[in-house]
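J.: Sharing input.pdb, PDB, C-alpha atoms, pLDDT in the B column:
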```pdb
ATOM      1  CA  MET A 108      98.979 107.121-125.843  1.00 88.00           C
ATOM      2  CA  ARG A 109      96.787 109.875-127.283  1.00 96.00           C
ATOM      3  CA  PHE A 110      94.672 110.098-130.420  1.00 98.00           C
ATOM      4  CA  ALA A 111      91.635 111.819-131.925  1.00 98.00           C
ATOM      5  CA  ALA A 112      88.586 109.906-133.134  1.00 98.00           C
ATOM      6  CA  ILE A 113      86.459 111.303-135.961  1.00 98.00           C
ATOM      7  CA  ALA A 114      83.329 109.857-137.559  1.00 98.00           C
ATOM      8  CA  ASP A 115      80.385 110.578-139.833  1.00 98.00           C
ATOM      9  CA  ILE A 116      81.833 113.433-141.880  1.00 98.00           C
ATOM     10  CA  HIS A 117      79.168 112.946-144.578  1.00 98.00           C
ATOM     11  CA  GLY A 118      80.864 115.112-147.185  1.00 98.00           C
ATOM     12  CA  ASN A 119      81.109 118.194-144.979  1.00 98.00           C
ATOM     13  CA  SER A 120      84.592 119.248-146.001  1.00 98.00           C
ATOM     14  CA  ASP A 121      84.401 122.604-144.190  1.00 98.00           C
ATOM     15  CA  ALA A 122      83.597 120.928-140.871  1.00 98.00           C
ATOM     16  CA  LEU A 123      86.373 118.400-141.503  1.00 98.00           C
ATOM     17  CA  GLU A 124      88.909 121.147-142.141  1.00 98.00           C
ATOM     18  CA  ALA A 125      87.860 122.897-138.916  1.00 98.00           C
ATOM     19  CA  VAL A 126      88.266 119.688-136.940  1.00 98.00           C
ATOM     20  CA  LEU A 127      91.643 118.911-138.507  1.00 98.00           C
ATOM     21  CA  SER A 128      92.827 122.428-137.652  1.00 98.00           C
ATOM     22  CA  ASP A 129      91.688 121.950-134.059  1.00 98.00           C
ATOM     23  CA  ILE A 130      93.453 118.591-133.843  1.00 98.00           C
ATOM     24  CA  ASP A 131      96.648 120.067-135.268  1.00 98.00           C
ATOM     25  CA  ALA A 132      96.488 123.006-132.837  1.00 98.00           C
ATOM     26  CA  LEU A 133      96.326 120.534-129.937  1.00 98.00           C
ATOM     27  CA  GLY A 134      99.450 118.776-131.198  1.00 98.00           C
ATOM     28  CA  ILE A 135      97.696 115.467-131.814  1.00 98.00           C
ATOM     29  CA  SER A 136      99.355 113.462-134.588  1.00 96.00           C
ATOM     30  CA  THR A 137      97.277 110.274-134.535  1.00 97.00           C
ATOM     31  CA  VAL A 138      93.690 110.253-135.821  1.00 98.00           C
ATOM     32  CA  VAL A 139      91.314 107.345-136.407  1.00 98.00           C
ATOM     33  CA  ASN A 140      88.278 107.568-138.667  1.00 98.00           C
ATOM     34  CA  LEU A 141      85.095 105.559-138.062  1.00 98.00           C
ATOM     35  CA  GLY A 142      83.396 105.835-141.449  1.00 97.00           C
ATOM     36  CA  ASP A 143      80.501 107.399-143.347  1.00 98.00           C
ATOM     37  CA  HIS A 144      82.910 109.835-144.929  1.00 98.00           C
ATOM     38  CA  LEU A 145      80.998 111.087-147.956  1.00 98.00           C
ATOM     39  CA  SER A 146      77.268 110.488-148.218  1.00 98.00           C
ATOM     40  CA  GLY A 147      75.231 113.689-148.438  1.00 98.00           C
ATOM     41  CA  PRO A 148      74.454 116.657-150.697  1.00 98.00           C
ATOM     42  CA  LEU A 149      77.691 118.453-149.793  1.00 98.00           C
ATOM     43  CA  ASP A 150      81.358 118.305-150.884  1.00 98.00           C
ATOM     44  CA  ALA A 151      82.234 114.618-151.123  1.00 98.00           C
ATOM     45  CA  ARG A 152      85.154 115.110-153.513  1.00 98.00           C
ATOM     46  CA  ARG A 153      87.002 117.598-151.307  1.00 98.00           C
ATOM     47  CA  THR A 154      86.296 115.448-148.260  1.00 98.00           C
ATOM     48  CA  ILE A 155      87.750 112.264-149.702  1.00 98.00           C
ATOM     49  CA  GLU A 156      90.776 114.078-151.067  1.00 98.00           C
ATOM     50  CA  LEU A 157      91.516 115.464-147.610  1.00 98.00           C
ATOM     51  CA  LEU A 158      91.211 112.009-146.097  1.00 98.00           C
ATOM     52  CA  MET A 159      93.344 110.342-148.764  1.00 98.00           C
ATOM     53  CA  GLU A 160      96.059 112.938-148.193  1.00 97.00           C
ATOM     54  CA  ARG A 161      96.107 112.308-144.448  1.00 95.00           C
ATOM     55  CA  MET A 162      96.095 108.485-144.664  1.00 94.00           C
ATOM     56  CA  TYR A 163      94.483 107.996-141.253  1.00 97.00           C
ATOM     57  CA  PRO A 164      93.543 104.492-140.073  1.00 98.00           C
ATOM     58  CA  SER A 165      89.961 104.344-141.397  1.00 98.00           C
ATOM     59  CA  ILE A 166      87.060 101.936-141.703  1.00 98.00           C
ATOM     60  CA  ARG A 167      83.954 101.815-143.880  1.00 98.00           C
ATOM     61  CA  GLY A 168      80.565 102.916-142.644  1.00 98.00           C
ATOM     62  CA  ASN A 169      77.267 101.672-144.033  1.00 98.00           C
ATOM     63  CA  HIS A 170      76.999 104.560-146.487  1.00 98.00           C
ATOM     64  CA  ASP A 171      80.567 103.964-147.679  1.00 98.00           C
ATOM     65  CA  ARG A 172      79.661 100.330-148.262  1.00 98.00           C
ATOM     66  CA  TRP A 173      76.549 101.271-150.227  1.00 98.00           C
ATOM     67  CA  LEU A 174      78.624 103.599-152.416  1.00 98.00           C
ATOM     68  CA  ILE A 175      80.703 100.649-153.599  1.00 97.00           C
ATOM     69  CA  GLU A 176      78.096  97.879-153.491  1.00 97.00           C
ATOM     70  CA  GLN A 177      74.987  99.468-154.991  1.00 97.00           C
ATOM     71  CA  ASP A 178      74.236 100.464-158.534  1.00 96.00           C
ATOM     72  CA  PRO A 179      73.826 104.256-158.671  1.00 96.00           C
ATOM     73  CA  SER A 180      70.217 103.798-159.814  1.00 95.00           C
ATOM     74  CA  GLU A 181      69.467 102.024-156.525  1.00 95.00           C
ATOM     75  CA  MET A 182      71.129 104.552-154.227  1.00 97.00           C
ATOM     76  CA  GLY A 183      69.335 106.915-151.918  1.00 96.00           C
ATOM     77  CA  ALA A 184      69.544 110.628-152.619  1.00 96.00           C
ATOM     78  CA  SER A 185      72.466 111.289-150.269  1.00 97.00           C
ATOM     79  CA  ASP A 186      74.573 108.408-151.543  1.00 98.00           C
ATOM     80  CA  ARG A 187      73.830 109.292-155.155  1.00 98.00           C
ATOM     81  CA  ALA A 188      74.813 112.939-154.589  1.00 97.00           C
ATOM     82  CA  ALA A 189      78.167 111.813-153.220  1.00 98.00           C
ATOM     83  CA  TYR A 190      78.710 109.125-155.851  1.00 98.00           C
ATOM     84  CA  GLU A 191      78.335 111.627-158.680  1.00 97.00           C
ATOM     85  CA  GLN A 192      81.346 113.549-157.336  1.00 98.00           C
ATOM     86  CA  LEU A 193      83.689 110.566-157.106  1.00 98.00           C
ATOM     87  CA  ALA A 194      86.262 109.202-159.540  1.00 98.00           C
ATOM     88  CA  LYS A 195      87.410 105.588-159.809  1.00 97.00           C
ATOM     89  CA  HIS A 196      90.427 106.097-157.533  1.00 98.00           C
ATOM     90  CA  HIS A 197      88.122 107.485-154.838  1.00 98.00           C
ATOM     91  CA  LEU A 198      85.922 104.402-155.018  1.00 98.00           C
ATOM     92  CA  ASP A 199      89.009 102.160-155.006  1.00 98.00           C
ATOM     93  CA  TRP A 200      90.094 103.840-151.764  1.00 98.00           C
ATOM     94  CA  LEU A 201      86.711 103.088-150.215  1.00 98.00           C
ATOM     95  CA  LYS A 202      86.847  99.476-151.388  1.00 98.00           C
ATOM     96  CA  ALA A 203      90.192  98.964-149.675  1.00 98.00           C
ATOM     97  CA  LEU A 204      88.891 100.026-146.250  1.00 98.00           C
ATOM     98  CA  PRO A 205      88.062  97.310-143.694  1.00 98.00           C
ATOM     99  CA  SER A 206      84.710  97.139-141.912  1.00 97.00           C
ATOM    100  CA  SER A 207      86.470  97.117-138.524  1.00 98.00           C
ATOM    101  CA  LEU A 208      89.985  97.505-137.232  1.00 98.00           C
ATOM    102  CA  THR A 209      91.952  96.872-134.041  1.00 97.00           C
ATOM    103  CA  LEU A 210      94.732  99.327-133.165  1.00 97.00           C
ATOM    104  CA  PHE A 211      97.218  99.792-130.329  1.00 93.00           C
ATOM    105  CA  ASP A 212      96.414  96.220-129.160  1.00 93.00           C
ATOM    106  CA  GLU A 213      93.352  97.381-127.210  1.00 96.00           C
ATOM    107  CA  VAL A 214      91.285  99.766-129.345  1.00 98.00           C
ATOM    108  CA  LEU A 215      88.519  98.478-131.629  1.00 98.00           C
ATOM    109  CA  LEU A 216      87.120 100.608-134.460  1.00 98.00           C
ATOM    110  CA  CYS A 217      83.664  99.798-135.804  1.00 98.00           C
ATOM    111  CA  HIS A 218      80.954 101.935-137.368  1.00 98.00           C
ATOM    112  CA  GLY A 219      77.684 100.761-135.838  1.00 98.00           C
ATOM    113  CA  THR A 220      78.373  97.748-133.643  1.00 98.00           C
ATOM    114  CA  PRO A 221      81.077  95.090-133.973  1.00 97.00           C
ATOM    115  CA  ALA A 222      78.568  92.879-135.779  1.00 97.00           C
ATOM    116  CA  SER A 223      76.699  95.408-137.947  1.00 98.00           C
ATOM    117  CA  ASP A 224      77.369  98.746-139.632  1.00 98.00           C
ATOM    118  CA  VAL A 225      73.647  99.625-139.597  1.00 97.00           C
ATOM    119  CA  SER A 226      72.842  98.958-135.933  1.00 97.00           C
ATOM    120  CA  TYR A 227      72.874 101.535-133.165  1.00 98.00           C
ATOM    121  CA  TRP A 228      75.040 100.590-130.175  1.00 98.00           C
ATOM    122  CA  LEU A 229      74.378 103.192-127.498  1.00 98.00           C
ATOM    123  CA  GLU A 230      70.823 104.127-128.544  1.00 98.00           C
ATOM    124  CA  ARG A 231      67.639 102.266-129.398  1.00 98.00           C
ATOM    125  CA  VAL A 232      64.618 103.273-131.512  1.00 98.00           C
ATOM    126  CA  GLU A 233      61.203 102.295-130.157  1.00 97.00           C
ATOM    127  CA  ALA A 234      58.254 101.232-132.330  1.00 97.00           C
ATOM    128  CA  ASP A 235      56.733 104.719-132.077  1.00 97.00           C
ATOM    129  CA  GLY A 236      59.957 106.402-133.247  1.00 96.00           C
ATOM    130  CA  ARG A 237      61.146 107.534-129.846  1.00 97.00           C
ATOM    131  CA  VAL A 238      64.914 107.315-129.381  1.00 97.00           C
ATOM    132  CA  ARG A 239      66.218 106.198-125.987  1.00 98.00           C
ATOM    133  CA  SER A 240      69.568 105.355-124.477  1.00 97.00           C
ATOM    134  CA  ALA A 241      70.366 101.673-124.668  1.00 98.00           C
ATOM    135  CA  THR A 242      70.451  99.812-121.363  1.00 98.00           C
ATOM    136  CA  ILE A 243      73.724  98.521-119.968  1.00 98.00           C
ATOM    137  CA  ASP A 244      72.593  94.950-120.733  1.00 98.00           C
ATOM    138  CA  GLU A 245      71.894  95.873-124.372  1.00 98.00           C
ATOM    139  CA  ILE A 246      75.231  97.633-124.726  1.00 98.00           C
ATOM    140  CA  GLU A 247      77.207  94.843-123.106  1.00 98.00           C
ATOM    141  CA  ALA A 248      75.545  92.216-125.298  1.00 98.00           C
ATOM    142  CA  GLU A 249      77.104  93.868-128.370  1.00 97.00           C
ATOM    143  CA  ALA A 250      80.529  93.826-126.693  1.00 97.00           C
ATOM    144  CA  SER A 251      80.444  90.119-125.802  1.00 96.00           C
ATOM    145  CA  GLY A 252      83.606  88.229-126.692  1.00 94.00           C
ATOM    146  CA  ILE A 253      85.633  91.344-127.555  1.00 96.00           C
ATOM    147  CA  ASP A 254      88.927  91.789-125.702  1.00 93.00           C
ATOM    148  CA  ALA A 255      89.537  95.441-126.644  1.00 96.00           C
ATOM    149  CA  LYS A 256      89.412  97.849-123.713  1.00 96.00           C
ATOM    150  CA  LEU A 257      88.301 100.872-125.748  1.00 98.00           C
ATOM    151  CA  LEU A 258      85.483 100.268-128.226  1.00 98.00           C
ATOM    152  CA  LEU A 259      84.868 103.040-130.753  1.00 98.00           C
ATOM    153  CA  CYS A 260      81.677 103.405-132.765  1.00 98.00           C
ATOM    154  CA  GLY A 261      79.837 106.051-134.777  1.00 98.00           C
ATOM    155  CA  HIS A 262      76.663 105.896-136.873  1.00 98.00           C
ATOM    156  CA  THR A 263      74.200 107.638-134.527  1.00 98.00           C
ATOM    157  CA  HIS A 264      76.058 111.002-134.635  1.00 98.00           C
ATOM    158  CA  ILE A 265      75.474 111.446-130.887  1.00 98.00           C
ATOM    159  CA  PRO A 266      78.617 112.092-128.781  1.00 98.00           C
ATOM    160  CA  ARG A 267      78.527 109.708-125.834  1.00 97.00           C
ATOM    161  CA  TYR A 268      80.542 107.182-123.890  1.00 96.00           C
ATOM    162  CA  VAL A 269      79.542 104.339-121.586  1.00 98.00           C
ATOM    163  CA  ARG A 270      81.726 102.413-119.179  1.00 97.00           C
ATOM    164  CA  LEU A 271      80.845  98.721-119.056  1.00 98.00           C
ATOM    165  CA  ARG A 272      80.695  96.862-115.791  1.00 97.00           C
ATOM    166  CA  ASP A 273      84.001  95.132-116.520  1.00 96.00           C
ATOM    167  CA  GLY A 274      85.756  98.469-117.071  1.00 96.00           C
ATOM    168  CA  ARG A 275      85.757  98.567-120.866  1.00 97.00           C
ATOM    169  CA  LEU A 276      84.676 101.818-122.487  1.00 98.00           C
ATOM    170  CA  VAL A 277      82.370 102.320-125.497  1.00 98.00           C
ATOM    171  CA  LEU A 278      82.890 105.706-127.144  1.00 98.00           C
ATOM    172  CA  ASN A 279      80.976 107.471-129.904  1.00 98.00           C
ATOM    173  CA  PRO A 280      82.804 110.717-130.819  1.00 98.00           C
ATOM    174  CA  GLY A 281      79.756 112.218-132.532  1.00 98.00           C
ATOM    175  CA  SER A 282      79.581 113.493-136.094  1.00 98.00           C
ATOM    176  CA  VAL A 283      82.088 115.813-137.719  1.00 98.00           C
ATOM    177  CA  GLY A 284      79.731 116.948-140.451  1.00 98.00           C
ATOM    178  CA  CYS A 285      76.092 116.025-139.840  1.00 98.00           C
ATOM    179  CA  PRO A 286      74.683 117.048-136.436  1.00 98.00           C
ATOM    180  CA  GLY A 287      71.159 115.825-137.134  1.00 97.00           C
ATOM    181  CA  TYR A 288      69.302 113.491-139.481  1.00 97.00           C
ATOM    182  CA  ASP A 289      66.104 111.515-139.913  1.00 96.00           C
ATOM    183  CA  ASP A 290      65.827 107.881-140.971  1.00 95.00           C
ATOM    184  CA  ASP A 291      63.090 105.377-141.800  1.00 94.00           C
ATOM    185  CA  THR A 292      64.866 102.316-140.354  1.00 93.00           C
ATOM    186  CA  PRO A 293      63.599 100.513-138.311  1.00 94.00           C
ATOM    187  CA  VAL A 294      60.803 103.129-138.168  1.00 96.00           C
ATOM    188  CA  TYR A 295      60.847 106.861-138.812  1.00 96.00           C
ATOM    189  CA  HIS A 296      62.942 108.656-136.184  1.00 97.00           C
ATOM    190  CA  GLN A 297      65.157 111.686-135.758  1.00 97.00           C
ATOM    191  CA  MET A 298      68.666 111.920-134.345  1.00 97.00           C
ATOM    192  CA  GLN A 299      69.675 115.463-133.430  1.00 96.00           C
ATOM    193  CA  THR A 300      72.335 117.014-131.247  1.00 97.00           C
ATOM    194  CA  GLY A 301      70.929 120.529-130.963  1.00 97.00           C
ATOM    195  CA  SER A 302      74.233 122.100-131.991  1.00 97.00           C
ATOM    196  CA  PRO A 303      75.588 122.911-135.461  1.00 98.00           C
ATOM    197  CA  ASN A 304      79.183 122.429-134.302  1.00 98.00           C
ATOM    198  CA  ALA A 305      81.518 119.740-135.622  1.00 98.00           C
ATOM    199  CA  SER A 306      82.075 116.999-133.044  1.00 98.00           C
ATOM    200  CA  TYR A 307      84.975 114.668-132.369  1.00 98.00           C
ATOM    201  CA  ALA A 308      86.695 113.115-129.345  1.00 98.00           C
ATOM    202  CA  ILE A 309      90.165 112.718-127.915  1.00 98.00           C
ATOM    203  CA  ALA A 310      91.159 109.509-126.139  1.00 98.00           C
ATOM    204  CA  GLU A 311      94.303 109.286-124.080  1.00 97.00           C
ATOM    205  CA  LYS A 312      95.759 106.879-121.582  1.00 94.00           C
ATOM    206  CA  PRO A 313      98.010 108.705-119.141  1.00 89.00           C
ATOM    207  CA  GLY A 314      97.895 105.801-116.730  1.00 84.00           C
ATOM    208  CA  GLY A 315      95.862 102.644-116.457  1.00 85.00           C
ATOM    209  CA  ASP A 316      92.492 104.016-117.623  1.00 90.00           C
ATOM    210  CA  TRP A 317      91.346 105.775-120.770  1.00 95.00           C
ATOM    211  CA  LEU A 318      90.498 109.449-120.438  1.00 96.00           C
ATOM    212  CA  VAL A 319      88.009 110.879-122.954  1.00 97.00           C
ATOM    213  CA  THR A 320      87.484 114.504-123.966  1.00 98.00           C
ATOM    214  CA  PHE A 321      84.720 115.587-126.333  1.00 98.00           C
ATOM    215  CA  ARG A 322      85.411 118.532-128.644  1.00 98.00           C
ATOM    216  CA  SER A 323      82.658 120.718-130.142  1.00 98.00           C
ATOM    217  CA  VAL A 324      84.171 122.880-132.862  1.00 98.00           C
ATOM    218  CA  PRO A 325      82.345 125.909-134.330  1.00 98.00           C
ATOM    219  CA  TYR A 326      82.985 126.632-138.002  1.00 98.00           C
ATOM    220  CA  ASP A 327      81.582 128.741-140.827  1.00 98.00           C
ATOM    221  CA  ASN A 328      78.808 126.461-142.088  1.00 98.00           C
ATOM    222  CA  ARG A 329      77.294 128.852-144.631  1.00 98.00           C
ATOM    223  CA  ARG A 330      78.781 127.179-147.710  1.00 98.00           C
ATOM    224  CA  MET A 331      77.560 123.757-146.627  1.00 98.00           C
ATOM    225  CA  VAL A 332      74.075 125.065-145.801  1.00 98.00           C
ATOM    226  CA  GLU A 333      73.844 126.695-149.231  1.00 98.00           C
ATOM    227  CA  MET A 334      74.975 123.488-150.963  1.00 98.00           C
ATOM    228  CA  ALA A 335      72.246 121.543-149.158  1.00 98.00           C
ATOM    229  CA  LYS A 336      69.611 124.101-150.160  1.00 97.00           C
ATOM    230  CA  GLN A 337      70.733 124.058-153.787  1.00 97.00           C
ATOM    231  CA  LYS A 338      70.221 120.281-153.820  1.00 96.00           C
ATOM    232  CA  GLY A 339      66.726 120.693-152.385  1.00 96.00           C
ATOM    233  CA  ARG A 340      67.736 119.107-149.076  1.00 96.00           C
ATOM    234  CA  ASN A 341      66.170 121.487-146.592  1.00 95.00           C
ATOM    235  CA  GLU A 342      66.362 118.948-143.772  1.00 95.00           C
ATOM    236  CA  TRP A 343      70.137 118.917-144.212  1.00 97.00           C
ATOM    237  CA  ALA A 344      70.216 122.717-144.285  1.00 97.00           C
ATOM    238  CA  ASP A 345      68.234 122.842-141.018  1.00 97.00           C
ATOM    239  CA  ALA A 346      70.508 120.321-139.283  1.00 97.00           C
ATOM    240  CA  LEU A 347      73.667 122.043-140.481  1.00 98.00           C
ATOM    241  CA  SER A 348      72.360 125.439-139.341  1.00 97.00           C
ATOM    242  CA  THR A 349      71.004 124.461-135.920  1.00 97.00           C
ATOM    243  CA  GLY A 350      71.631 120.829-135.049  1.00 97.00           C
ATOM    244  CA  TRP A 351      67.879 120.168-135.199  1.00 96.00           C
ATOM    245  CA  ILE A 352      65.657 118.621-137.873  1.00 91.00           C
ATOM    246  CA  GLY A 353      62.816 120.841-139.105  1.00 78.00           C
ATOM    247  CA  SER A 354      63.762 123.722-136.835  1.00 64.00           C
TER     248      SER A 354
END
```
Would you mind giving the structure from this file in structure tokens?
T.:
Amino acid sequence: MRFAAIADIHGNSDALEAVLSDIDALGISTVVNLGDHLSGPLDARRTIELLMERMYPSIRGNHDRWLIEQDPSEMGASDRAAYEQLAKHHLDWLKALPSSLTLFDEVLLCHGTPASDVSYWLERVEADGRVRSATIDEIEAEASGIDAKLLLCGHTHIPRYVRLRDGRLVLNPGSVGCPGYDDDTPVYHQMQTGSPNASYAIAEKPGGDWLVTFRSVPYDNRRMVEMAKQKGRNEWADALSTGWIGS
């Protein structure tokens, strides 16, 4: 069993195409998609058309949910920028996606945690805005009652995996299209990878245990950086260029 896991594309169609080319070159035919496909000042229409063509098993992220639940007048700038590029059939595709999904009898797909698409699983934000790794107790609490052996999540954009004390694995493949961002919830904080590359992961089970490989794919990001600048989103341009916020 072997598949690629992608997440948090955020409308970066050029990064998505680079990742898909890398996946194809490796001969991997199965891909799962963990949500937040479109939100951002980039190329949402091209992104969703690529995804609809491929028909990968996919779930909704929090930004995907807001695109179909909120009135455009209530959306944040990134969601509104994506929404303005979408047609009804694009929104219908988003509406049909589940919030979580179990595949291959032992692989769970969720966006944030199994219980919430807006919660971080492998990281925590302190009251002063510092971001830290979650403790094993905190991580295991979110996995309570779940039988799946491989638990996939996204949302934080940070590539990472943690093996639980019972042998289960929690894997975040990182972000295909947005290597850094800032957020005001629960307090202002920054998530940044320090690399402009597109990230995804490969999971395979040659024997009894899952083997994970992280892929960091360079691509020509100039078109995406220019799109962000044209929308007045310099923080996006910085993250796309360097992997850092305000660099």
J.: In file coordinates, which residues lie within 12 Å of (72.6, 95.1, -122.4) using all atoms listed in the file, given as a PyMOL selection string?
T.: chain A and resi 228-231+240-251+269+271-272
J.: Could you make a table, as a Markdown table, of the residues of range 113-139 of chain A that have an atom within 10 Å of an atom of range 199-220 of chain A, each with its nearest atom pair and distance in Å to one decimal, counting all atoms listed in the file, in chain and number order?
T.:
```
| residue | atom | partner | partner_atom | distance |
| --- | --- | --- | --- | --- |
| A:Ala114 | CA | A:His218 | CA | 8.3 |
| A:Asp115 | CA | A:His218 | CA | 9.0 |
| A:Val139 | CA | A:Leu216 | CA | 8.2 |
```
J.: Please write the residues picked by the PyMOL selection byres ((chain A and resi 188) around 9) on this file as a PyMOL selection string.
T.: chain A and resi 146-149+151+183-187+189-192+338
J.: Rank A:Leu123, A:Val232, A:Ala112, A:Leu174 by their smallest atom-to-atom distance to Met331 in chain A, using only C-alpha atoms, and report the top residue only.
T.: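 Answer, going by the shortest atom-to-atom distance: A:Leu123.
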J.: Choose the residue, out of A:Trp173, A:Pro293, A:Ile113, A:Val319, that has the smallest atom-to-atom separation from Ser306 in chain A; count only C-alpha atoms.
T.: A:Ile113
J.: May I have the residues at most 12 Å from (86.4, 97.0, -114.6) in the file's coordinates, counting all atoms listed in the file, as a PDB file with C-alpha atoms, in the coordinates of the input?
T.:
```pdb
ATOM      1  CA  LYS A 256      89.412  97.849-123.713  1.00 96.00           C
ATOM      2  CA  LEU A 257      88.301 100.872-125.748  1.00 98.00           C
ATOM      3  CA  ARG A 270      81.726 102.413-119.179  1.00 97.00           C
ATOM      4  CA  LEU A 271      80.845  98.721-119.056  1.00 98.00           C
ATOM      5  CA  ARG A 272      80.695  96.862-115.791  1.00 97.00           C
ATOM      6  CA  ASP A 273      84.001  95.132-116.520  1.00 96.00           C
ATOM      7  CA  GLY A 274      85.756  98.469-117.071  1.00 96.00           C
ATOM      8  CA  ARG A 275      85.757  98.567-120.866  1.00 97.00           C
ATOM      9  CA  LEU A 276      84.676 101.818-122.487  1.00 98.00           C
ATOM     10  CA  GLY A 315      95.862 102.644-116.457  1.00 85.00           C
ATOM     11  CA  ASP A 316      92.492 104.016-117.623  1.00 90.00           C
ATOM     12  CA  TRP A 317      91.346 105.775-120.770  1.00 95.00           C
TER      13      TRP A 317
END
```
J.: Using all atoms listed in the file, which residue out of A:Pro221, A:Gly142, A:Gly252, A:Gly236 lies closest to Asp290 in chain A?
T.: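 Selected residue with least distance to Asp290 in chain A: A:Gly236.
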J.: Taking N, CA, C and O atoms as the atom set, what does range 138-150 of chain A look like once completed, written as a short mmCIF file (atom, residue, chain, number, x, y, z; two decimals), in the coordinates of the input?
T.:
```cif
data_model
loop_
_atom_site.label_atom_id
_atom_site.label_comp_id
_atom_site.auth_asym_id
_atom_site.auth_seq_id
_atom_site.Cartn_x
_atom_site.Cartn_y
_atom_site.Cartn_z
N VAL A 138 95.14 110.10 -135.66
CA VAL A 138 93.69 110.25 -135.82
C VAL A 138 93.14 108.96 -136.38
O VAL A 138 93.74 108.35 -137.29
N VAL A 139 92.00 108.51 -135.86
CA VAL A 139 91.31 107.34 -136.41
C VAL A 139 89.94 107.78 -136.91
O VAL A 139 89.34 108.70 -136.34
N ASN A 140 89.47 107.12 -137.95
CA ASN A 140 88.28 107.57 -138.67
C ASN A 140 87.28 106.42 -138.76
O ASN A 140 87.60 105.35 -139.30
N LEU A 141 86.06 106.64 -138.25
CA LEU A 141 85.10 105.56 -138.06
C LEU A 141 84.04 105.43 -139.17
O LEU A 141 83.07 104.73 -138.99
N GLY A 142 84.24 106.12 -140.30
CA GLY A 142 83.40 105.84 -141.45
C GLY A 142 82.24 106.78 -141.68
O GLY A 142 81.96 107.70 -140.91
N ASP A 143 81.52 106.52 -142.77
CA ASP A 143 80.50 107.40 -143.35
C ASP A 143 81.13 108.75 -143.68
O ASP A 143 80.74 109.81 -143.17
N HIS A 144 82.10 108.68 -144.57
CA HIS A 144 82.91 109.84 -144.93
C HIS A 144 82.19 110.80 -145.86
O HIS A 144 82.43 112.01 -145.79
N LEU A 145 81.33 110.31 -146.77
CA LEU A 145 81.00 111.09 -147.96
C LEU A 145 79.53 111.33 -148.22
O LEU A 145 79.17 112.33 -148.84
N SER A 146 78.66 110.45 -147.80
CA SER A 146 77.27 110.49 -148.22
C SER A 146 76.58 111.78 -147.77
O SER A 146 76.62 112.15 -146.60
N GLY A 147 75.95 112.46 -148.72
CA GLY A 147 75.23 113.69 -148.44
C GLY A 147 75.31 114.65 -149.61
O GLY A 147 76.11 114.45 -150.54
N PRO A 148 74.53 115.71 -149.58
CA PRO A 148 74.45 116.66 -150.70
C PRO A 148 75.51 117.76 -150.60
O PRO A 148 75.25 118.91 -150.97
N LEU A 149 76.69 117.43 -150.09
CA LEU A 149 77.69 118.45 -149.79
C LEU A 149 78.92 118.29 -150.69
O LEU A 149 78.79 118.22 -151.90
N ASP A 150 80.11 118.24 -150.12
CA ASP A 150 81.36 118.30 -150.88
C ASP A 150 82.14 117.01 -150.71
O ASP A 150 83.20 116.99 -150.08
#
```
